[in-house]
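Everything below belongs to start-v9.txt, which stores compact mmCIF, C-alpha atoms.
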# COMPACT_ATOMS: atom_id res chain seq x y z
CA MET A 1 6.33 -1.47 -14.36
CA ALA A 2 2.96 0.16 -15.02
CA GLU A 3 0.87 1.24 -12.06
CA ASP A 4 -1.88 -1.31 -12.59
CA ASP A 5 0.50 -4.25 -13.00
CA PHE A 6 0.78 -4.55 -9.22
CA PHE A 7 -2.93 -4.46 -8.43
CA VAL A 8 -5.81 -6.85 -8.97
CA ASP A 9 -9.45 -6.11 -8.23
CA GLY A 10 -10.69 -8.64 -5.65
CA PRO A 11 -8.98 -11.84 -4.46
CA LEU A 12 -5.72 -12.95 -6.05
CA ARG A 13 -5.97 -16.33 -7.73
CA ARG A 14 -3.24 -18.65 -6.48
CA ASP A 15 -2.39 -19.57 -10.07
CA LEU A 16 -1.68 -15.90 -10.82
CA ALA A 17 1.96 -16.69 -10.00
CA ASP A 18 2.21 -19.79 -12.21
CA ALA A 19 3.68 -18.03 -15.23
CA VAL A 20 6.43 -16.32 -13.26
CA ARG A 21 7.16 -19.53 -11.30
CA ALA A 22 7.57 -21.36 -14.60
CA ARG A 23 9.79 -18.64 -16.05
CA TRP A 24 12.07 -18.78 -13.00
CA ALA A 25 12.07 -22.60 -13.16
CA ARG A 26 13.56 -22.36 -16.67
CA ASP A 27 16.26 -19.89 -15.53
CA GLY A 28 19.46 -21.81 -14.91
CA ARG A 29 20.80 -19.08 -12.63
CA VAL A 30 17.89 -19.42 -10.18
CA GLY A 31 18.54 -21.88 -7.37
CA ALA A 32 15.73 -20.82 -5.02
CA GLN A 33 12.21 -19.50 -5.27
CA ALA A 34 10.52 -18.21 -2.09
CA TRP A 35 6.83 -17.35 -2.05
CA PHE A 36 4.49 -15.61 0.37
CA PHE A 37 0.70 -15.86 0.03
CA GLY A 38 -1.09 -13.55 2.46
CA GLN A 39 -4.72 -14.51 3.06
CA ILE A 40 -7.58 -13.02 5.06
CA ARG A 41 -8.14 -14.40 8.58
CA ASP A 42 -11.66 -14.63 10.01
CA ASP A 43 -10.51 -13.00 13.25
CA PRO A 44 -13.09 -12.31 15.96
CA ILE A 45 -13.26 -8.54 16.47
CA PRO A 46 -15.89 -6.26 18.02
CA GLY A 47 -18.96 -6.69 15.82
CA GLY A 48 -18.31 -10.30 14.89
CA ARG A 49 -15.85 -12.27 12.82
CA VAL A 50 -14.06 -10.65 9.92
CA THR A 51 -15.88 -11.75 6.77
CA ALA A 52 -13.74 -9.73 4.34
CA ILE A 53 -11.23 -6.94 4.03
CA GLU A 54 -11.83 -4.08 1.62
CA TYR A 55 -8.61 -2.49 0.34
CA ASP A 56 -8.10 1.03 -0.95
CA ALA A 57 -4.86 2.68 -2.04
CA GLU A 58 -3.29 5.89 -3.27
CA ARG A 59 -2.57 3.96 -6.43
CA VAL A 60 0.12 6.15 -7.95
CA ILE A 61 2.21 6.40 -4.80
CA ALA A 62 1.49 2.78 -3.86
CA ALA A 63 2.74 1.52 -7.23
CA GLN A 64 5.90 3.62 -6.91
CA SER A 65 6.38 2.26 -3.39
CA LEU A 66 6.04 -1.36 -4.53
CA ALA A 67 8.50 -0.85 -7.37
CA SER A 68 10.94 0.84 -5.02
CA ILE A 69 10.66 -1.92 -2.40
CA ALA A 70 11.26 -4.61 -5.05
CA ASP A 71 14.35 -2.74 -6.25
CA ARG A 72 15.59 -2.37 -2.67
CA ALA A 73 15.16 -6.07 -1.97
CA VAL A 74 17.07 -7.02 -5.13
CA ARG A 75 19.89 -4.62 -4.26
CA GLU A 76 20.17 -5.31 -0.52
CA CYS A 77 19.63 -9.07 -0.59
CA ALA A 78 21.40 -9.84 -3.86
CA CYS A 79 18.46 -11.76 -5.23
CA ARG A 80 17.60 -11.81 -8.92
CA GLU A 81 13.98 -10.64 -9.01
CA VAL A 82 11.06 -9.75 -6.74
CA TRP A 83 7.45 -10.08 -7.92
CA ILE A 84 4.57 -8.41 -6.05
CA ARG A 85 0.81 -8.37 -6.44
CA HIS A 86 -1.79 -6.88 -4.05
CA SER A 87 -5.57 -6.85 -4.09
CA LEU A 88 -7.74 -3.77 -4.13
CA GLY A 89 -11.45 -3.88 -3.36
CA VAL A 90 -13.13 -6.64 -1.38
CA VAL A 91 -11.36 -9.91 -0.50
CA PRO A 92 -13.44 -12.46 1.48
CA ALA A 93 -11.99 -14.35 4.45
CA GLY A 94 -9.82 -17.17 3.15
CA GLY A 95 -9.01 -15.25 0.00
CA VAL A 96 -5.49 -14.25 -0.96
CA SER A 97 -4.79 -10.51 -0.96
CA PHE A 98 -1.01 -10.26 -1.19
CA ILE A 99 1.56 -12.35 -3.05
CA VAL A 100 5.32 -11.89 -3.08
CA GLY A 101 7.70 -14.11 -5.02
CA VAL A 102 11.48 -14.00 -4.96
CA ALA A 103 13.99 -15.64 -7.26
CA ALA A 104 17.59 -15.96 -6.07
CA GLU A 105 20.65 -18.05 -6.61
CA HIS A 106 20.63 -19.31 -3.02
CA ARG A 107 18.01 -19.81 -0.29
CA GLY A 108 19.44 -17.27 2.13
CA ALA A 109 18.98 -14.39 -0.27
CA ALA A 110 15.51 -15.64 -1.18
CA PHE A 111 14.36 -15.80 2.45
CA ASP A 112 15.91 -12.41 3.28
CA ALA A 113 14.33 -10.67 0.29
CA LEU A 114 10.95 -12.24 0.95
CA ARG A 115 10.92 -11.01 4.56
CA LEU A 116 12.19 -7.55 3.63
CA THR A 117 9.58 -7.14 0.92
CA VAL A 118 6.57 -8.35 2.91
CA ASP A 119 7.50 -6.27 5.97
CA ALA A 120 8.25 -3.14 3.93
CA VAL A 121 4.99 -3.28 1.97
CA LYS A 122 2.96 -3.65 5.15
CA ALA A 123 4.81 -0.76 6.80
CA GLU A 124 5.30 1.70 3.95
CA THR A 125 2.97 1.26 1.00
CA PRO A 126 -0.16 3.46 1.15
CA ILE A 127 -2.67 0.63 0.98
CA PHE A 128 -5.46 0.69 3.56
CA GLY A 129 -7.62 -2.18 4.78
CA LYS A 130 -11.14 -2.08 6.21
CA GLU A 131 -12.11 -5.21 8.17
CA ILE A 132 -15.74 -6.04 7.44
CA THR A 133 -18.02 -7.87 9.90
CA ALA A 134 -21.74 -8.65 9.89
CA ALA A 135 -22.28 -5.65 12.18
CA GLY A 136 -20.08 -3.09 10.44
CA TYR A 137 -16.37 -2.53 9.99
CA ARG A 138 -13.10 -1.64 11.68
CA TRP A 139 -10.05 -0.05 10.10
CA LYS A 140 -7.18 -2.50 9.91
CA VAL A 141 -4.01 -1.67 11.87
CA ASN A 142 -0.77 -3.38 10.92
CA GLN A 143 1.36 -4.65 13.80
CA VAL B 1 -7.28 27.96 -5.15
CA THR B 2 -9.74 25.22 -4.28
CA VAL B 3 -8.20 21.77 -4.11
CA THR B 4 -9.75 18.34 -3.71
CA VAL B 5 -8.91 16.60 -0.45
CA ARG B 6 -8.92 12.80 -0.69
CA ALA B 7 -8.85 10.96 2.62
CA TYR B 8 -7.81 7.33 3.06
CA GLY B 9 -8.45 4.70 5.72
CA PRO B 10 -9.76 5.93 9.08
CA LEU B 11 -9.37 9.55 8.01
CA ILE B 12 -12.46 9.06 5.83
CA ASP B 13 -14.51 8.65 8.99
CA VAL B 14 -12.91 11.72 10.57
CA LEU B 15 -13.81 13.87 7.56
CA GLY B 16 -17.17 12.19 7.10
CA ALA B 17 -16.44 11.60 3.41
CA ALA B 18 -13.66 10.25 1.21
CA THR B 19 -13.41 13.52 -0.70
CA THR B 20 -14.00 17.14 0.15
CA THR B 21 -12.47 20.47 -0.83
CA LEU B 22 -10.15 23.00 0.76
CA ALA B 23 -9.21 26.59 -0.11
CA LEU B 24 -5.44 27.06 -0.21
CA ILE B 25 -3.28 30.12 -0.78
CA LEU B 26 -0.54 29.17 -3.23
CA PRO B 27 2.37 29.20 -3.53
CA CYS B 28 3.17 27.81 -0.09
CA LYS B 29 5.69 25.43 1.40
CA ALA B 30 4.74 21.80 1.78
CA SER B 31 5.19 22.29 5.52
CA ASP B 32 2.36 24.86 5.46
CA LEU B 33 -0.14 22.27 4.25
CA ARG B 34 -0.61 20.43 7.52
CA PRO B 35 -1.62 23.55 9.50
CA ALA B 36 -4.00 24.52 6.70
CA VAL B 37 -5.58 21.08 6.71
CA ASP B 38 -5.83 21.02 10.50
CA ASP B 39 -7.45 24.46 10.55
CA ALA B 40 -10.05 23.42 8.00
CA PHE B 41 -10.71 20.02 9.56
CA PRO B 42 -10.06 20.23 13.33
CA GLY B 43 -10.86 16.55 13.82
CA LEU B 44 -7.57 15.73 12.10
CA ARG B 45 -5.45 17.58 14.66
CA GLY B 46 -2.98 15.31 16.38
CA LEU B 47 -3.57 12.38 14.05
CA ASN B 48 -0.68 10.65 12.30
CA PHE B 49 -0.83 11.12 8.52
CA ARG B 50 1.20 12.32 5.57
CA ILE B 51 -0.02 14.68 2.87
CA ALA B 52 0.66 13.98 -0.80
CA VAL B 53 0.24 16.69 -3.43
CA ASP B 54 -0.95 15.50 -6.81
CA HIS B 55 0.30 11.96 -6.10
CA ARG B 56 3.70 13.04 -4.79
CA LEU B 57 5.12 13.07 -1.26
CA LEU B 58 7.10 16.28 -0.92
CA HIS B 59 9.99 17.39 1.28
CA GLU B 60 8.69 19.96 3.72
CA ASP B 61 10.82 22.73 2.17
CA THR B 62 9.38 22.15 -1.30
CA VAL B 63 7.40 25.08 -2.66
CA VAL B 64 3.94 24.12 -3.88
CA ASP B 65 3.07 26.35 -6.82
CA ALA B 66 0.03 24.46 -8.01
CA ALA B 67 -2.12 21.67 -6.65
CA ALA B 68 -5.31 19.94 -7.69
CA GLU B 69 -5.48 17.22 -5.03
CA LEU B 70 -4.20 16.61 -1.53
CA ALA B 71 -4.18 12.98 -0.37
CA LEU B 72 -4.27 12.37 3.37
CA LEU B 73 -2.37 9.14 4.04
CA PRO B 74 -2.55 7.48 7.48
CA PRO B 75 -0.15 4.66 8.43
CA ALA B 76 -0.24 1.82 5.92
CA SER B 77 -2.46 -1.18 6.62
CA GLY B 78 -2.14 -3.32 3.53
CA GLY B 79 -1.04 -6.93 3.30

Could you write out this file's structure as structure tokens?
Amino acid sequence: MAEDDFFVDGPLRRDLADAVRARWARDGRVGAQAWFFGQIRDDPIPGGRVTAIEYDAERVIAAQSLASIADRAVRECACREVWIRHSLGVVPAGGVSFIVGVAAEHRGAAFDALRLTVDAVKAETPIFGKEITAAGYRWKVNQ
Amino acid sequence: VTVTVRAYGPLIDVLGAATTTLALILPCKASDLRPAVDDAFPGLRGLNFRIAVDHRLLHEDTVVDAAAELALLPPASGG
């Protein structure tokens, strides 16, 4: 997968996944699709509520990381395919910044692969978020 | 050689800019890069980050013969 295939500038449109959802729906071997849509909370932080998150990434290494995590999820969870997109740049509160889709034969594998992928991307992939408020910003820290 | 140093996340604020430069003596081991970076930018000492060389994360025993860019990568905070 090419580096830029994983990344979208700004918010992710929820219909971005429609084509892959439809492709999996036509696949007679797929019994379960599991989807995660991560969106920006308007958390209260010092300086006010979060109005947006601005994302930056080491794009080459981040793309390799996403491809590697998708491969790991397919291998370890015995699912058929993992699909990942992540925003770069500014995503306003309420906007979607991270989508993961999983196709599997059965629900257990789909749930397992979805959790593995979301957790691994947040822990490992060199993408960095800056939480913007009316008064300034704070660097995002993943829990 | 003079290499570009590209900081990410909170390390941008520590350096005061997203990019700067650093003089390195090459070849060196990848494990020699952190002390060189810390010496040049003392504010980074003790902070948790990895160093990528020309978009690659290297094993610490790897010999770096040439480099154009060092990326300073703090813990991930995407998603």

> Quick one: of A:Gly94, A:Gly89, A:Gly48, A:Gly38, who's nearest to chain B, counting only C-alpha atoms?
Replying inline: A:Gly38

> If you count only C-alpha atoms, which residues fall within 12 Å of Ala123 of chain A, apart from same-chain ones fewer than 5 positions away, as a PyMOL selection string?
Replying inline: (chain A and resi 62+65-66+69+116-118+128+141-143) or (chain B and resi 74-79)

Residues from last step as file, C-alpha atoms, as a PDB file, in the coordinates of the input:
ATOM      1  CA  ALA A  62       1.490   2.780  -3.860  1.00  0.00           C
ATOM      2  CA  SER A  65       6.380   2.260  -3.390  1.00  0.00           C
ATOM      3  CA  LEU A  66       6.040  -1.360  -4.530  1.00  0.00           C
ATOM      4  CA  ILE A  69      10.660  -1.920  -2.400  1.00  0.00           C
ATOM      5  CA  LEU A 116      12.190  -7.550   3.630  1.00  0.00           C
ATOM      6  CA  THR A 117       9.580  -7.140   0.920  1.00  0.00           C
ATOM      7  CA  VAL A 118       6.570  -8.350   2.910  1.00  0.00           C
ATOM      8  CA  PHE A 128      -5.460   0.690   3.560  1.00  0.00           C
ATOM      9  CA  VAL A 141      -4.010  -1.670  11.870  1.00  0.00           C
ATOM     10  CA  ASN A 142      -0.770  -3.380  10.920  1.00  0.00           C
ATOM     11  CA  GLN A 143       1.360  -4.650  13.800  1.00  0.00           C
TER      12      GLN A 143
ATOM     13  CA  PRO B  74      -2.550   7.480   7.480  1.00  0.00           C
ATOM     14  CA  PRO B  75      -0.150   4.660   8.430  1.00  0.00           C
ATOM     15  CA  ALA B  76      -0.240   1.820   5.920  1.00  0.00           C
ATOM     16  CA  SER B  77      -2.460  -1.180   6.620  1.00  0.00           C
ATOM     17  CA  GLY B  78      -2.140  -3.320   3.530  1.00  0.00           C
ATOM     18  CA  GLY B  79      -1.040  -6.930   3.300  1.00  0.00           C
TER      19      GLY B  79
END

Give me the residues of chain A that have any atom at most 9 Å from an atom of chain B; for each, the nearest atom pair and the distance in Å, rounded to one decimal. Use all atoms listed in the file, sort by chain and number, and format it as CSV.
residue,atom,partner,partner_atom,distance
A:Gly38,CA,B:Gly79,CA,6.7
A:Gln39,CA,B:Gly79,CA,8.4
A:Tyr55,CA,B:Gly78,CA,7.3
A:Asp56,CA,B:Tyr8,CA,7.5
A:Ala57,CA,B:Tyr8,CA,7.5
A:Glu58,CA,B:His55,CA,7.6
A:Arg59,CA,B:His55,CA,8.5
A:Val60,CA,B:His55,CA,6.1
A:Ile61,CA,B:His55,CA,6.0
A:His86,CA,B:Gly79,CA,7.4
A:Ser87,CA,B:Gly79,CA,8.7
A:Ser97,CA,B:Gly79,CA,6.7
A:Phe98,CA,B:Gly79,CA,5.6
A:Ile99,CA,B:Gly79,CA,8.7
A:Val118,CA,B:Gly79,CA,7.8
A:Asp119,CA,B:Gly79,CA,9.0
A:Val121,CA,B:Gly79,CA,7.2
A:Lys122,CA,B:Gly78,CA,5.4
A:Ala123,CA,B:Ala76,CA,5.7
A:Glu124,CA,B:Ala76,CA,5.9
A:Thr125,CA,B:Ala76,CA,5.9
A:Pro126,CA,B:Ala76,CA,5.0
A:Ile127,CA,B:Gly78,CA,4.7
A:Phe128,CA,B:Ser77,CA,4.7
A:Gly129,CA,B:Ser77,CA,5.6
A:Lys130,CA,B:Gly9,CA,7.3
A:Arg138,CA,B:Pro10,CA,8.7
A:Trp139,CA,B:Pro10,CA,6.1
A:Lys140,CA,B:Ser77,CA,5.9
A:Val141,CA,B:Ser77,CA,5.5
A:Asn142,CA,B:Ser77,CA,5.1
A:Gln143,CA,B:Ser77,CA,8.8

With C-alpha atoms retained, export the selected residues as a CSV table (one decimal), keeping the file's coordinate frame.
chain,number,residue,atom,x,y,z
A,38,GLY,CA,-1.1,-13.6,2.5
A,39,GLN,CA,-4.7,-14.5,3.1
A,55,TYR,CA,-8.6,-2.5,0.3
A,56,ASP,CA,-8.1,1.0,-1.0
A,57,ALA,CA,-4.9,2.7,-2.0
A,58,GLU,CA,-3.3,5.9,-3.3
A,59,ARG,CA,-2.6,4.0,-6.4
A,60,VAL,CA,0.1,6.2,-8.0
A,61,ILE,CA,2.2,6.4,-4.8
A,86,HIS,CA,-1.8,-6.9,-4.0
A,87,SER,CA,-5.6,-6.8,-4.1
A,97,SER,CA,-4.8,-10.5,-1.0
A,98,PHE,CA,-1.0,-10.3,-1.2
A,99,ILE,CA,1.6,-12.4,-3.0
A,118,VAL,CA,6.6,-8.4,2.9
A,119,ASP,CA,7.5,-6.3,6.0
A,121,VAL,CA,5.0,-3.3,2.0
A,122,LYS,CA,3.0,-3.6,5.2
A,123,ALA,CA,4.8,-0.8,6.8
A,124,GLU,CA,5.3,1.7,4.0
A,125,THR,CA,3.0,1.3,1.0
A,126,PRO,CA,-0.2,3.5,1.2
A,127,ILE,CA,-2.7,0.6,1.0
A,128,PHE,CA,-5.5,0.7,3.6
A,129,GLY,CA,-7.6,-2.2,4.8
A,130,LYS,CA,-11.1,-2.1,6.2
A,138,ARG,CA,-13.1,-1.6,11.7
A,139,TRP,CA,-10.0,0.0,10.1
A,140,LYS,CA,-7.2,-2.5,9.9
A,141,VAL,CA,-4.0,-1.7,11.9
A,142,ASN,CA,-0.8,-3.4,10.9
A,143,GLN,CA,1.4,-4.6,13.8

> Please, what distance in Å, to one decimal, runs between atom CA of Trp35 of chain A and atom CA of Ile53 of chain A?
Replying inline: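 Interatomic distance, atom CA of Trp35 of chain A to atom CA of Ile53 of chain A: 21.7 Å.
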
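Separating atom CA of Glu69 of chain B from atom CA of Ile132 of chain A is a distance of 28.3 Å.
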
> What is the distance, in Å and to one decimal place, between atom CA of Pro27 of chain B and atom CA of Ile12 of chain B?
Replying inline: 26.7 Å

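The residue that comes closest to Phe41 of chain B, out of B:Lys29, B:Glu60, B:Ala66, B:Gly16 and on the basis of all atoms listed in the file, is B:Gly16.
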
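Comparing B:Ile25, B:Ala17, B:Ala30, B:Val63 by their smallest distance to Val5 of chain B, the closest is B:Ala17 (using only C-alpha atoms).
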
>> I'd like to know which of B:Cys28, B:Ala18, B:Leu44, B:Val37 is closest to Asp61 of chain B, using only C-alpha atoms.
In response: B:Cys28

>> List as a PyMOL selection string the protein and nucleic acid residues near Ala68 of chain B, meaning an atom at most 9 Å away when all atoms listed in the file are counted, but skip any in the same chain fewer than 3 places from it.
In response: chain B and resi 1-5+53-54

> Looking at A:Val91, A:Ala109, A:Val100, A:Ala63, which one is nearest to Ala78 of chain A, with distances taken over all atoms listed in the file?
Replying inline: A:Ala109

I'd like the contact shell of Gly28 of chain A - 12 Å cut-off, only C-alpha atoms, skipping same-chain residues fewer than 4 positions apart - returned as a PDB file with C-alpha atoms, keeping the file's coordinate frame.
ATOM      1  CA  ALA A  22       7.570 -21.360 -14.600  1.00  0.00           C
ATOM      2  CA  ARG A  23       9.790 -18.640 -16.050  1.00  0.00           C
ATOM      3  CA  TRP A  24      12.070 -18.780 -13.000  1.00  0.00           C
ATOM      4  CA  ALA A  32      15.730 -20.820  -5.020  1.00  0.00           C
ATOM      5  CA  ARG A  80      17.600 -11.810  -8.920  1.00  0.00           C
ATOM      6  CA  ALA A 103      13.990 -15.640  -7.260  1.00  0.00           C
ATOM      7  CA  ALA A 104      17.590 -15.960  -6.070  1.00  0.00           C
ATOM      8  CA  GLU A 105      20.650 -18.050  -6.610  1.00  0.00           C
TER       9      GLU A 105
END

>> Given the point (0.8, 18.6, 8.8) in the file's coordinates, find the residues that have an atom at most 9 Å from it, counting only C-alpha atoms, and give them as a PyMOL selection string.
In response: chain B and resi 30-38+45+48-51
